[in-house]
$ cat run.cif   # mmCIF, C-alpha atoms
data_query
#
loop_
_atom_site.label_atom_id
_atom_site.label_comp_id
_atom_site.auth_asym_id
_atom_site.auth_seq_id
_atom_site.Cartn_x
_atom_site.Cartn_y
_atom_site.Cartn_z
CA MET A 1 23.69 -54.21 21.92
CA GLY A 2 25.01 -54.32 25.51
CA ARG A 3 26.71 -50.95 25.09
CA HIS A 4 23.49 -49.46 23.67
CA ARG A 5 21.59 -50.64 26.73
CA LEU A 6 24.22 -49.21 29.01
CA ARG A 7 24.05 -45.86 27.24
CA SER A 8 20.27 -45.89 27.71
CA SER A 9 20.76 -46.74 31.36
CA ALA A 10 23.24 -43.89 31.63
CA SER A 11 20.66 -41.47 30.25
CA LEU A 12 18.04 -42.72 32.68
CA LEU A 13 20.40 -42.52 35.62
CA LEU A 14 21.52 -39.05 34.57
CA ALA A 15 17.90 -37.90 34.40
CA GLY A 16 17.24 -39.54 37.75
CA GLY A 17 20.25 -37.82 39.26
CA ILE A 18 19.01 -34.46 38.05
CA PHE A 19 15.54 -35.22 39.38
CA LEU A 20 16.96 -36.15 42.78
CA ALA A 21 19.07 -32.99 42.83
CA SER A 22 16.02 -30.91 41.97
CA SER A 23 13.93 -32.65 44.62
CA ALA A 24 16.63 -32.15 47.23
CA PHE A 25 16.85 -28.48 46.29
CA THR A 26 13.07 -28.05 46.67
CA THR A 27 13.01 -29.86 50.02
CA CYS A 28 15.88 -27.69 51.25
CA ALA A 29 14.01 -24.55 50.16
CA ARG A 30 10.99 -25.56 52.19
CA ALA A 31 13.09 -26.30 55.23
CA GLN A 32 14.78 -22.90 55.15
CA THR A 33 11.69 -20.88 55.98
CA LEU A 34 10.73 -19.18 59.23
CA THR A 35 7.96 -20.90 61.15
CA ASP A 36 4.70 -19.16 62.07
CA ASP A 37 5.84 -18.91 65.69
CA GLN A 38 9.12 -17.34 64.63
CA LEU A 39 7.34 -14.83 62.42
CA ASP A 40 4.98 -13.97 65.26
CA ALA A 41 8.01 -13.25 67.43
CA VAL A 42 9.51 -11.07 64.69
CA LYS A 43 6.26 -9.08 64.56
CA ALA A 44 6.14 -8.82 68.34
CA ARG A 45 9.62 -7.27 68.42
CA LEU A 46 8.56 -4.95 65.59
CA ALA A 47 5.56 -3.78 67.60
CA GLU A 48 7.77 -3.15 70.63
CA GLY A 49 10.47 -1.31 68.73
CA ALA A 50 8.62 0.85 66.20
CA THR A 51 8.52 4.37 67.62
CA HIS A 52 9.79 6.68 64.85
CA SER A 53 7.39 7.73 62.12
CA TRP A 54 9.03 5.72 59.33
CA GLU A 55 9.18 2.63 61.56
CA ILE A 56 5.49 2.95 62.38
CA GLY A 57 4.59 3.42 58.73
CA THR A 58 6.73 0.50 57.61
CA ARG A 59 5.23 -1.69 60.32
CA ALA A 60 1.72 -0.85 59.10
CA GLU A 61 2.65 -1.67 55.50
CA ALA A 62 4.25 -4.96 56.52
CA LEU A 63 1.14 -5.94 58.48
CA ILE A 64 -1.08 -5.21 55.47
CA GLU A 65 1.07 -7.25 53.11
CA ASP A 66 1.36 -10.15 55.54
CA GLY A 67 -2.05 -10.28 57.22
CA THR A 68 -4.51 -8.90 54.67
CA PRO A 69 -3.01 -9.24 51.19
CA THR A 70 -6.36 -8.50 49.53
CA TYR A 71 -5.96 -4.92 50.82
CA SER A 72 -2.37 -4.64 49.61
CA VAL A 73 -1.61 -2.77 46.37
CA LEU A 74 1.00 -5.44 45.62
CA ASN A 75 -1.51 -8.25 45.14
CA ASN A 76 -3.73 -8.94 42.17
CA THR A 77 -6.85 -7.34 43.61
CA SER A 78 -8.56 -4.30 42.14
CA LEU A 79 -8.37 -0.87 43.69
CA PRO A 80 -9.98 0.88 45.47
CA PRO A 81 -10.41 -1.91 48.04
CA PRO A 82 -13.79 -2.87 49.51
CA GLN A 83 -15.43 -0.17 51.62
CA GLY A 84 -17.21 -0.87 54.87
CA GLN A 85 -15.92 -2.43 58.07
CA ALA A 86 -12.39 -3.73 57.79
CA PRO A 87 -11.71 -7.44 58.31
CA SER A 88 -10.32 -8.35 61.74
CA SER A 89 -6.94 -9.04 60.12
CA LEU A 90 -6.56 -5.27 59.72
CA ASP A 91 -7.16 -4.53 63.40
CA GLU A 92 -3.49 -3.86 64.15
CA VAL A 93 -3.18 -1.59 61.13
CA ILE A 94 -6.25 0.41 62.13
CA SER A 95 -4.88 0.56 65.67
CA VAL A 96 -1.63 2.06 64.36
CA ALA A 97 -3.56 4.72 62.47
CA ARG A 98 -5.78 5.43 65.49
CA SER A 99 -2.81 5.95 67.82
CA VAL A 100 -1.16 8.36 65.39
CA VAL A 101 -4.32 10.39 64.76
CA GLU A 102 -5.11 10.54 68.49
CA ALA A 103 -1.62 11.85 69.29
CA ARG A 104 -1.88 14.37 66.47
CA ALA A 105 -5.21 15.69 67.79
CA ALA A 106 -3.75 16.00 71.30
CA SER A 107 -0.85 18.13 70.03
CA ASP A 108 -3.30 20.89 69.07
CA VAL A 109 -1.23 22.02 66.08
CA GLN A 110 -3.37 24.01 63.67
CA GLY A 111 -3.30 24.02 59.87
CA PRO A 112 -1.50 21.70 57.44
CA GLN A 113 0.80 19.41 59.36
CA PRO A 114 2.48 16.01 59.12
CA LEU A 115 0.97 12.97 60.77
CA MET A 116 3.88 13.01 63.23
CA ASP A 117 6.85 15.21 64.07
CA ALA A 118 5.08 18.53 63.51
CA SER A 119 8.06 20.31 65.08
CA GLY A 120 10.17 19.58 62.02
CA GLY A 121 12.84 17.20 60.78
CA ALA A 122 12.35 14.58 58.11
CA ALA A 123 9.32 15.80 56.19
CA GLY A 124 9.40 12.65 54.07
CA ASP A 125 9.01 10.13 56.90
CA PRO A 126 5.52 10.78 58.40
CA PRO A 127 3.68 10.18 55.08
CA SER A 128 4.73 6.54 55.42
CA ILE A 129 1.82 6.22 57.88
CA GLY A 130 -0.55 7.80 55.35
CA VAL A 131 -1.74 4.59 53.71
CA ALA A 132 -2.80 3.18 57.10
CA VAL A 133 -4.68 6.40 57.92
CA LEU A 134 -6.38 6.42 54.52
CA LEU A 135 -7.32 2.79 54.95
CA ALA A 136 -8.77 3.48 58.40
CA ASN A 137 -10.93 6.21 56.93
CA TRP A 138 -11.93 4.08 53.93
CA THR A 139 -13.10 1.21 56.10
CA GLY A 140 -15.19 3.43 58.39
CA ALA A 141 -13.01 3.51 61.51
CA GLY A 142 -13.89 7.17 62.07
CA ALA A 143 -17.59 6.38 62.35
CA GLN A 144 -16.78 3.98 65.19
CA ASP A 145 -14.18 5.91 67.17
CA GLY A 146 -14.92 9.51 66.19
CA HIS A 147 -11.46 10.32 64.86
CA ASN A 148 -11.05 12.45 61.74
CA TYR A 149 -8.84 10.21 59.62
CA ALA A 150 -9.78 11.97 56.41
CA GLY A 151 -8.79 15.33 57.86
CA ALA A 152 -5.48 13.98 59.14
CA ALA A 153 -4.61 12.54 55.71
CA ALA A 154 -5.66 15.75 53.95
CA ASP A 155 -3.51 17.85 56.29
CA GLN A 156 -0.54 15.58 55.60
CA LEU A 157 -1.06 15.90 51.86
CA GLU A 158 -1.39 19.68 51.98
CA TYR A 159 1.70 19.94 54.18
CA LEU A 160 3.72 17.95 51.64
CA LEU A 161 2.52 19.93 48.66
CA GLU A 162 2.47 23.43 50.16
CA LYS A 163 4.89 23.59 53.08
CA VAL A 164 7.80 21.28 52.28
CA PRO A 165 10.50 22.80 50.04
CA LYS A 166 11.14 21.44 46.55
CA THR A 167 13.83 21.45 43.91
CA ASN A 168 13.33 23.77 40.95
CA ASP A 169 11.96 20.89 38.89
CA GLY A 170 9.51 19.76 41.58
CA ALA A 171 11.15 17.01 43.65
CA ILE A 172 9.72 17.29 47.17
CA SER A 173 12.47 17.52 49.77
CA HIS A 174 12.90 14.74 52.30
CA ARG A 175 13.92 17.37 54.85
CA ILE A 176 12.00 20.43 56.01
CA GLU A 177 14.96 22.67 56.95
CA GLN A 178 16.74 22.35 53.59
CA VAL A 179 16.16 20.94 50.12
CA GLN A 180 17.67 17.48 50.31
CA LEU A 181 16.77 14.22 48.61
CA TRP A 182 17.10 10.84 50.34
CA SER A 183 16.48 7.50 48.68
CA ASP A 184 14.34 6.58 51.73
CA PHE A 185 11.73 9.11 50.58
CA VAL A 186 10.59 6.92 47.70
CA TYR A 187 9.16 4.35 50.10
CA MET A 188 7.48 6.96 52.31
CA VAL A 189 5.85 9.55 50.04
CA PRO A 190 5.01 8.30 46.51
CA PRO A 191 2.97 5.29 47.75
CA PHE A 192 0.91 7.65 49.93
CA LEU A 193 0.29 10.02 47.01
CA ALA A 194 -0.64 7.12 44.75
CA TYR A 195 -3.05 5.54 47.22
CA TYR A 196 -4.65 8.89 47.99
CA GLY A 197 -5.15 9.42 44.26
CA VAL A 198 -6.82 6.06 43.72
CA LEU A 199 -9.20 6.44 46.67
CA THR A 200 -10.23 9.96 45.62
CA HIS A 201 -10.32 9.21 41.87
CA ASN A 202 -7.60 11.79 41.32
CA GLU A 203 -5.27 10.69 38.54
CA THR A 204 -3.20 13.84 39.03
CA LEU A 205 -2.03 12.55 42.41
CA LEU A 206 -1.16 9.18 40.93
CA GLN A 207 0.85 10.94 38.23
CA MET A 208 2.54 12.99 40.94
CA ALA A 209 3.57 9.79 42.71
CA TYR A 210 5.18 8.58 39.50
CA ASP A 211 6.82 11.97 38.93
CA GLN A 212 8.41 11.95 42.37
CA CYS A 213 9.91 8.54 41.61
CA ARG A 214 11.13 9.84 38.25
CA LEU A 215 12.67 12.96 39.74
CA TYR A 216 14.32 11.14 42.62
CA ARG A 217 15.81 8.64 40.23
CA GLN A 218 17.06 11.48 38.06
CA TYR A 219 19.00 12.91 41.02
CA LEU A 220 20.09 9.72 42.76
CA VAL A 221 20.80 7.06 40.13
CA ASP A 222 24.50 6.42 39.58
CA ASP A 223 25.12 5.18 36.05
CA ASP A 224 28.76 4.60 36.93
CA ALA A 225 27.63 2.09 39.56
CA GLY A 226 25.41 0.03 37.28
CA GLY A 227 22.19 1.79 38.25
CA MET A 228 22.44 1.72 42.03
CA TRP A 229 21.19 4.82 43.81
CA LYS A 230 23.17 7.23 45.93
CA HIS A 231 21.77 7.75 49.39
CA ILE A 232 21.57 11.54 49.94
CA VAL A 233 22.14 14.44 47.55
CA LEU A 234 21.82 18.25 47.78
CA GLY A 235 22.20 20.36 50.90
CA LYS A 236 24.55 19.67 53.78
CA ASN A 237 25.81 16.29 54.98
CA THR A 238 25.22 14.32 51.80
CA ASP A 239 26.01 10.64 51.25
CA SER A 240 26.96 9.62 47.73
CA GLY A 241 27.54 6.00 48.74
CA HIS A 242 25.34 3.18 47.54
CA TRP A 243 23.61 2.40 50.82
CA SER A 244 22.00 -0.99 50.47
CA THR A 245 18.94 -0.15 52.57
CA GLY A 246 18.43 3.04 50.58
CA ASN A 247 18.35 1.04 47.36
CA GLY A 248 15.85 -1.29 49.00
CA TRP A 249 13.67 1.62 50.12
CA ALA A 250 13.66 3.01 46.58
CA ALA A 251 12.88 -0.29 44.86
CA ALA A 252 10.13 -1.19 47.33
CA GLY A 253 8.53 2.24 47.09
CA MET A 254 8.47 2.20 43.30
CA LEU A 255 6.94 -1.28 43.36
CA ARG A 256 4.12 -0.03 45.58
CA VAL A 257 3.43 2.78 43.12
CA LEU A 258 3.60 0.28 40.26
CA GLY A 259 1.13 -2.03 42.01
CA THR A 260 -1.21 0.87 42.73
CA ILE A 261 -1.22 1.89 39.08
CA GLN A 262 -1.65 -1.64 37.74
CA HIS A 263 -4.61 -2.46 39.97
CA SER A 264 -6.35 0.90 39.71
CA GLN A 265 -8.90 2.44 37.39
CA TYR A 266 -5.99 4.22 35.65
CA ALA A 267 -4.05 1.10 34.63
CA LYS A 268 -4.64 1.57 30.89
CA SER A 269 -3.93 5.28 30.76
CA MET A 270 -0.72 4.88 32.78
CA LYS A 271 0.84 1.87 31.04
CA ASN A 272 3.95 3.82 30.10
CA GLN A 273 4.48 4.97 33.67
CA ALA A 274 4.12 1.37 34.85
CA LYS A 275 6.72 0.27 32.31
CA ASP A 276 9.15 2.93 33.54
CA LEU A 277 8.72 1.89 37.16
CA THR A 278 9.34 -1.74 36.23
CA ASN A 279 12.52 -0.78 34.40
CA TRP A 280 13.74 1.42 37.26
CA VAL A 281 13.33 -1.35 39.84
CA SER A 282 15.08 -3.78 37.48
CA GLU A 283 17.86 -1.21 37.10
CA ILE A 284 18.46 -1.17 40.86
CA HIS A 285 18.47 -4.96 40.96
CA GLY A 286 20.89 -5.13 38.05
CA GLY A 287 23.24 -2.72 39.78
CA ILE A 288 23.16 -4.13 43.29
CA TYR A 289 22.85 -7.91 42.99
CA PRO A 290 26.32 -8.41 41.50
CA HIS A 291 27.54 -7.22 44.92
CA LEU A 292 25.65 -9.84 46.94
CA ARG A 293 28.19 -11.56 49.16
CA SER A 294 28.83 -15.29 49.11
CA ASN A 295 26.97 -15.67 52.42
CA GLY A 296 23.78 -14.34 50.80
CA LEU A 297 23.88 -10.94 52.51
CA PHE A 298 24.64 -7.43 51.31
CA GLY A 299 27.19 -5.17 52.89
CA ASN A 300 25.82 -1.99 54.46
CA TYR A 301 27.14 -0.21 51.36
CA ALA A 302 26.74 -2.74 48.58
CA ASP A 303 29.95 -2.06 46.67
CA ASP A 304 32.15 -1.35 49.69
CA SER A 305 33.64 -4.63 50.89
CA SER A 306 34.86 -3.00 54.09
CA THR A 307 31.32 -2.47 55.40
CA PHE A 308 29.59 -4.95 57.71
CA ASP A 309 27.02 -7.52 56.64
CA ASP A 310 23.50 -6.14 56.82
CA ALA A 311 20.55 -8.53 57.06
CA SER A 312 18.06 -5.66 57.04
CA SER A 313 18.75 -4.42 53.53
CA THR A 314 19.14 -8.01 52.38
CA ALA A 315 15.55 -8.74 53.40
CA ILE A 316 13.91 -5.72 51.78
CA LEU A 317 15.81 -6.23 48.54
CA ALA A 318 14.82 -9.89 48.40
CA SER A 319 11.19 -8.89 48.93
CA THR A 320 11.37 -6.58 45.92
CA VAL A 321 12.65 -9.40 43.70
CA TYR A 322 9.62 -11.58 44.51
CA ARG A 323 7.27 -8.62 44.04
CA LEU A 324 8.80 -7.71 40.69
CA ALA A 325 8.35 -11.31 39.55
CA LEU A 326 4.67 -11.13 40.50
CA LEU A 327 3.90 -7.66 39.17
CA ALA A 328 5.98 -7.64 36.02
CA GLY A 329 7.11 -11.20 35.29
CA VAL A 330 10.78 -10.33 35.79
CA HIS A 331 12.60 -13.39 37.17
CA THR A 332 16.23 -12.41 36.68
CA HIS A 333 17.34 -12.22 40.30
CA LEU A 334 15.17 -14.89 41.87
CA PRO A 335 18.20 -17.17 42.47
CA GLN A 336 19.85 -14.45 44.54
CA ALA A 337 16.64 -13.62 46.41
CA GLU A 338 16.22 -17.28 47.28
CA GLN A 339 19.84 -17.46 48.41
CA SER A 340 19.26 -14.48 50.71
CA ARG A 341 15.95 -15.72 52.08
CA LYS A 342 17.41 -19.11 52.95
CA ALA A 343 20.53 -17.55 54.45
CA LEU A 344 18.38 -15.42 56.75
CA ALA A 345 16.49 -18.52 57.96
CA THR A 346 19.56 -20.71 58.40
CA ALA A 347 19.79 -22.85 61.53
CA PRO A 348 23.02 -24.88 61.29
CA SER A 349 22.20 -27.10 64.26
CA GLY A 350 19.24 -27.18 66.59
CA PRO A 351 16.58 -24.46 66.73
CA ALA A 352 18.98 -21.49 66.89
CA LEU A 353 18.99 -19.22 63.84
CA VAL A 354 22.21 -17.62 62.63
CA HIS A 355 20.68 -14.25 61.82
CA PHE A 356 18.26 -13.84 64.72
CA THR A 357 18.77 -13.47 68.44
CA SER A 358 16.99 -15.87 70.79
CA ASP A 359 14.02 -13.48 70.98
CA MET A 360 13.97 -13.01 67.17
CA TRP A 361 15.66 -9.68 66.59
CA LEU A 362 17.28 -9.73 63.16
CA THR A 363 21.09 -9.56 63.12
CA PRO A 364 23.45 -8.12 61.93
CA VAL A 365 21.70 -4.85 61.08
CA VAL A 366 22.55 -1.26 60.36
CA ASN A 367 21.70 1.20 63.12
CA PRO A 368 18.35 2.68 62.00
CA ASN A 369 19.33 6.08 63.41
CA GLN A 370 22.95 6.17 62.17
CA PHE A 371 23.19 4.58 58.77
CA GLY A 372 26.96 4.26 58.74
CA ILE A 373 27.34 2.02 61.78
CA GLU A 374 26.15 -1.40 62.85
CA GLY A 375 23.25 -1.54 65.29
CA THR A 376 21.69 -4.13 67.56
CA GLN A 377 17.92 -3.83 67.10
CA SER A 378 16.21 -2.51 63.97
CA PRO A 379 12.42 -2.20 63.84
CA GLU A 380 12.59 -1.53 60.12
CA GLY A 381 14.64 -4.70 59.71
CA GLN A 382 11.89 -6.63 61.48
CA ALA A 383 9.34 -5.15 59.07
CA PHE A 384 11.52 -6.07 56.11
CA ILE A 385 11.57 -9.71 57.24
CA VAL A 386 7.76 -9.71 57.40
CA GLU A 387 7.58 -8.14 53.94
CA MET A 388 10.09 -10.60 52.51
CA HIS A 389 8.16 -13.55 53.90
CA ALA A 390 4.84 -12.19 52.62
CA ALA A 391 6.31 -11.58 49.16
CA TRP A 392 7.84 -15.07 49.03
CA ARG A 393 4.58 -16.63 50.28
CA ASP A 394 2.52 -14.83 47.62
CA TRP A 395 5.05 -15.83 44.96
CA ALA A 396 5.02 -19.47 46.08
CA ALA A 397 1.20 -19.51 46.26
CA LEU A 398 1.02 -18.56 42.58
CA GLY A 399 3.27 -21.44 41.60
CA SER A 400 6.66 -19.77 42.13
CA PRO A 401 6.81 -18.22 38.65
CA GLY A 402 10.38 -18.31 37.37
CA ALA A 403 11.41 -20.85 40.01
CA ASN A 404 12.79 -23.28 37.43
CA ALA A 405 15.34 -20.70 36.39
CA ALA A 406 16.22 -20.17 40.03
CA VAL A 407 16.63 -23.88 40.68
CA GLY A 408 18.67 -24.30 37.52
CA ARG A 409 21.10 -21.52 38.34
CA ALA A 410 21.44 -22.11 42.05
CA ALA A 411 21.79 -25.88 41.81
CA GLY A 412 23.55 -26.04 38.44
CA VAL A 413 26.96 -26.92 39.83
CA HIS A 414 25.48 -29.62 42.05
CA TRP A 415 23.55 -31.11 39.15
CA ALA A 416 26.64 -31.04 36.97
CA ALA A 417 28.61 -32.92 39.61
CA ILE A 418 25.94 -35.61 39.87
CA ALA A 419 25.65 -35.86 36.10
CA LEU A 420 29.40 -36.04 35.63
CA GLY A 421 29.84 -38.64 38.34
CA THR A 422 27.06 -40.77 36.89
CA VAL A 423 28.32 -40.54 33.33
CA VAL A 424 31.97 -41.12 34.25
CA GLY A 425 31.05 -44.19 36.27
CA LEU A 426 28.92 -45.61 33.49
CA VAL A 427 31.47 -44.83 30.80
CA GLY A 428 34.09 -46.65 32.85
CA LEU A 429 31.75 -49.60 33.24
CA THR A 430 30.98 -49.61 29.49
CA GLY A 431 34.66 -49.48 28.63
CA ALA A 432 35.41 -52.43 30.88
CA LEU A 433 32.80 -54.49 29.06
#
$ encode --input "run.cif" --output "structure tokens"
Amino acid sequence: MGRHRLRSSASLLLAGGIFLASSAFTTCARAQTLTDDQLDAVKARLAEGATHSWEIGTRAEALIEDGTPTYSVLNNTSLPPPQGQAPSSLDEVISVARSVVEARAASDVQGPQPLMDASGGAAGDPPSIGVAVLLANWTGAGAQDGHNYAGAAADQLEYLLEKVPKTNDGAISHRIEQVQLWSDFVYMVPPFLAYYGVLTHNETLLQMAYDQCRLYRQYLVDDDAGGMWKHIVLGKNTDSGHWSTGNGWAAAGMLRVLGTIQHSQYAKSMKNQAKDLTNWVSEIHGGIYPHLRSNGLFGNYADDSSTFDDASSTAILASTVYRLALLAGVHTHLPQAEQSRKALATAPSGPALVHFTSDMWLTPVVNPNQFGIEGTQSPEGQAFIVEMHAAWRDWAALGSPGANAAVGRAAGVHWAAIALGTVVGLVGLTGAL
């Protein structure tokens, strides 16, 4: 009878140990989160540093996701969004669009043209600002300030479709001077095409957004690398390496197209396209997450151990894991995303953070202008932190779907140690009696 009671006590203590381990894990997760003041500083550095077209576009997207999630295609709100005056939380986004359209008008370039960099270069980067410009037009900013947002967006679209070179099967080039495909493109162009299509009730444009994702994957996916994408193919100066940020750009861009489809009037007719996009993002995750380093960060090139740690790509990839969980119920890599998120917010002692400077620049980061070398300040990295936090926040607000699996995998060894210690101690005690 005594031994039976002790076995029962062992079971209760084992359960209690697991409960305590789980509680400690949850408390730790809450502690390893950037504060509002820290995030404000991250956004302030982003505002100061974003000068290139893709940085400006990524900043605008991050601000939408963080500040006004009801206007984000990634949240469970129907599209098109409400018309009429934008909420004050969109003021910075509208300001971004206004500055770009003002500068464009001042350049006096005639005919179809990009939103920035009309003199040439990366044709795929300026469309990243397109969603902000479309949103400014949709919410009536032009009626207040007199700028032609609709005309600017239409010129950008026509430039993409008529002036930028393409492959024989229709993939729009990321570059204007040669046909060349960059993984970055998938974040910049397809979301713009998709959003334009939804606002203008043009399913053809939404299909085109999907087709660009499909074609880019066809050229860039590396089956020999588990589904990771190469960085640059075709033309001169290619890069067949598996650049971590490039894989993040691709996954995040496809998720924005997926969210646009799912929340639009075309959700039913484009179910198969949505399924493909879900699978393609999962494919990238499946290829790249086995290469996550023990410190929770990716190397600049995921499968090249000689490359430096890169917090920038780590953040955008983590954001895509949370978004995939929300949009498609895929929870596979939540443990790794949580590991990365907590690593990026680690403060071993005192207020100092390991992966941020004292004024909240993310570190270490790839140079945003030279993807093979380490940099010091990355505006896109700042935006990725904002997007990661917004994605995690939205995931947590909906009850952290799939979190139990994450807790179980990440804390499994710790639980096992507690359980083993409890059981061994109790077995020894039982044997002595």
$ residues_near_point --input "run.cif" --point "(-1.1, 3.7, 62.2)" --cutoff "12 Å" --atoms "all atoms listed in the file" --output "ChimeraX atom specification"
/A:47,50-64,90-104,115-116,126-137,141,149,152-153
$ atom_distance --input "run.cif" --atom1 "CA of Val354 (chain A)" --atom2 "CA of Thr332 (chain A)"
27.1 Å
$ residues_around --input "run.cif" --residues "Ile176 (chain A)" --least-positions-apart "4" --cutoff "8 Å" --atoms "all atoms listed in the file" --output "PyMOL selection string"
chain A and resi 120-123+164-165
$ atom_distance --input "run.cif" --atom1 "CA of Leu193 (chain A)" --atom2 "CA of Asp125 (chain A)"
13.2 Å
$ resolve_selection --input "run.cif" --expression "the PyMOL selection byres ((chain A and resi 303) around 8)" --output "list in words"
His242, Ile288, His291, Gly299, Tyr301, Ala302, Asp304 and Ser305 of chain A
$ write_last_selection --input "run.cif" --atoms "C-alpha atoms" --output "PDB file, in the coordinates of the input"
ATOM      1  CA  HIS A 242      25.340   3.180  47.540  1.00  0.00           C
ATOM      2  CA  ILE A 288      23.160  -4.130  43.290  1.00  0.00           C
ATOM      3  CA  HIS A 291      27.540  -7.220  44.920  1.00  0.00           C
ATOM      4  CA  GLY A 299      27.190  -5.170  52.890  1.00  0.00           C
ATOM      5  CA  TYR A 301      27.140  -0.210  51.360  1.00  0.00           C
ATOM      6  CA  ALA A 302      26.740  -2.740  48.580  1.00  0.00           C
ATOM      7  CA  ASP A 304      32.150  -1.350  49.690  1.00  0.00           C
ATOM      8  CA  SER A 305      33.640  -4.630  50.890  1.00  0.00           C
TER       9      SER A 305
END
$ resolve_selection --input "run.cif" --expression "the PyMOL selection byres ((chain A and resi 243) around 9)" --output "ChimeraX atom specification"
/A:228-231,239-242,244-248,299-303,313,371-372
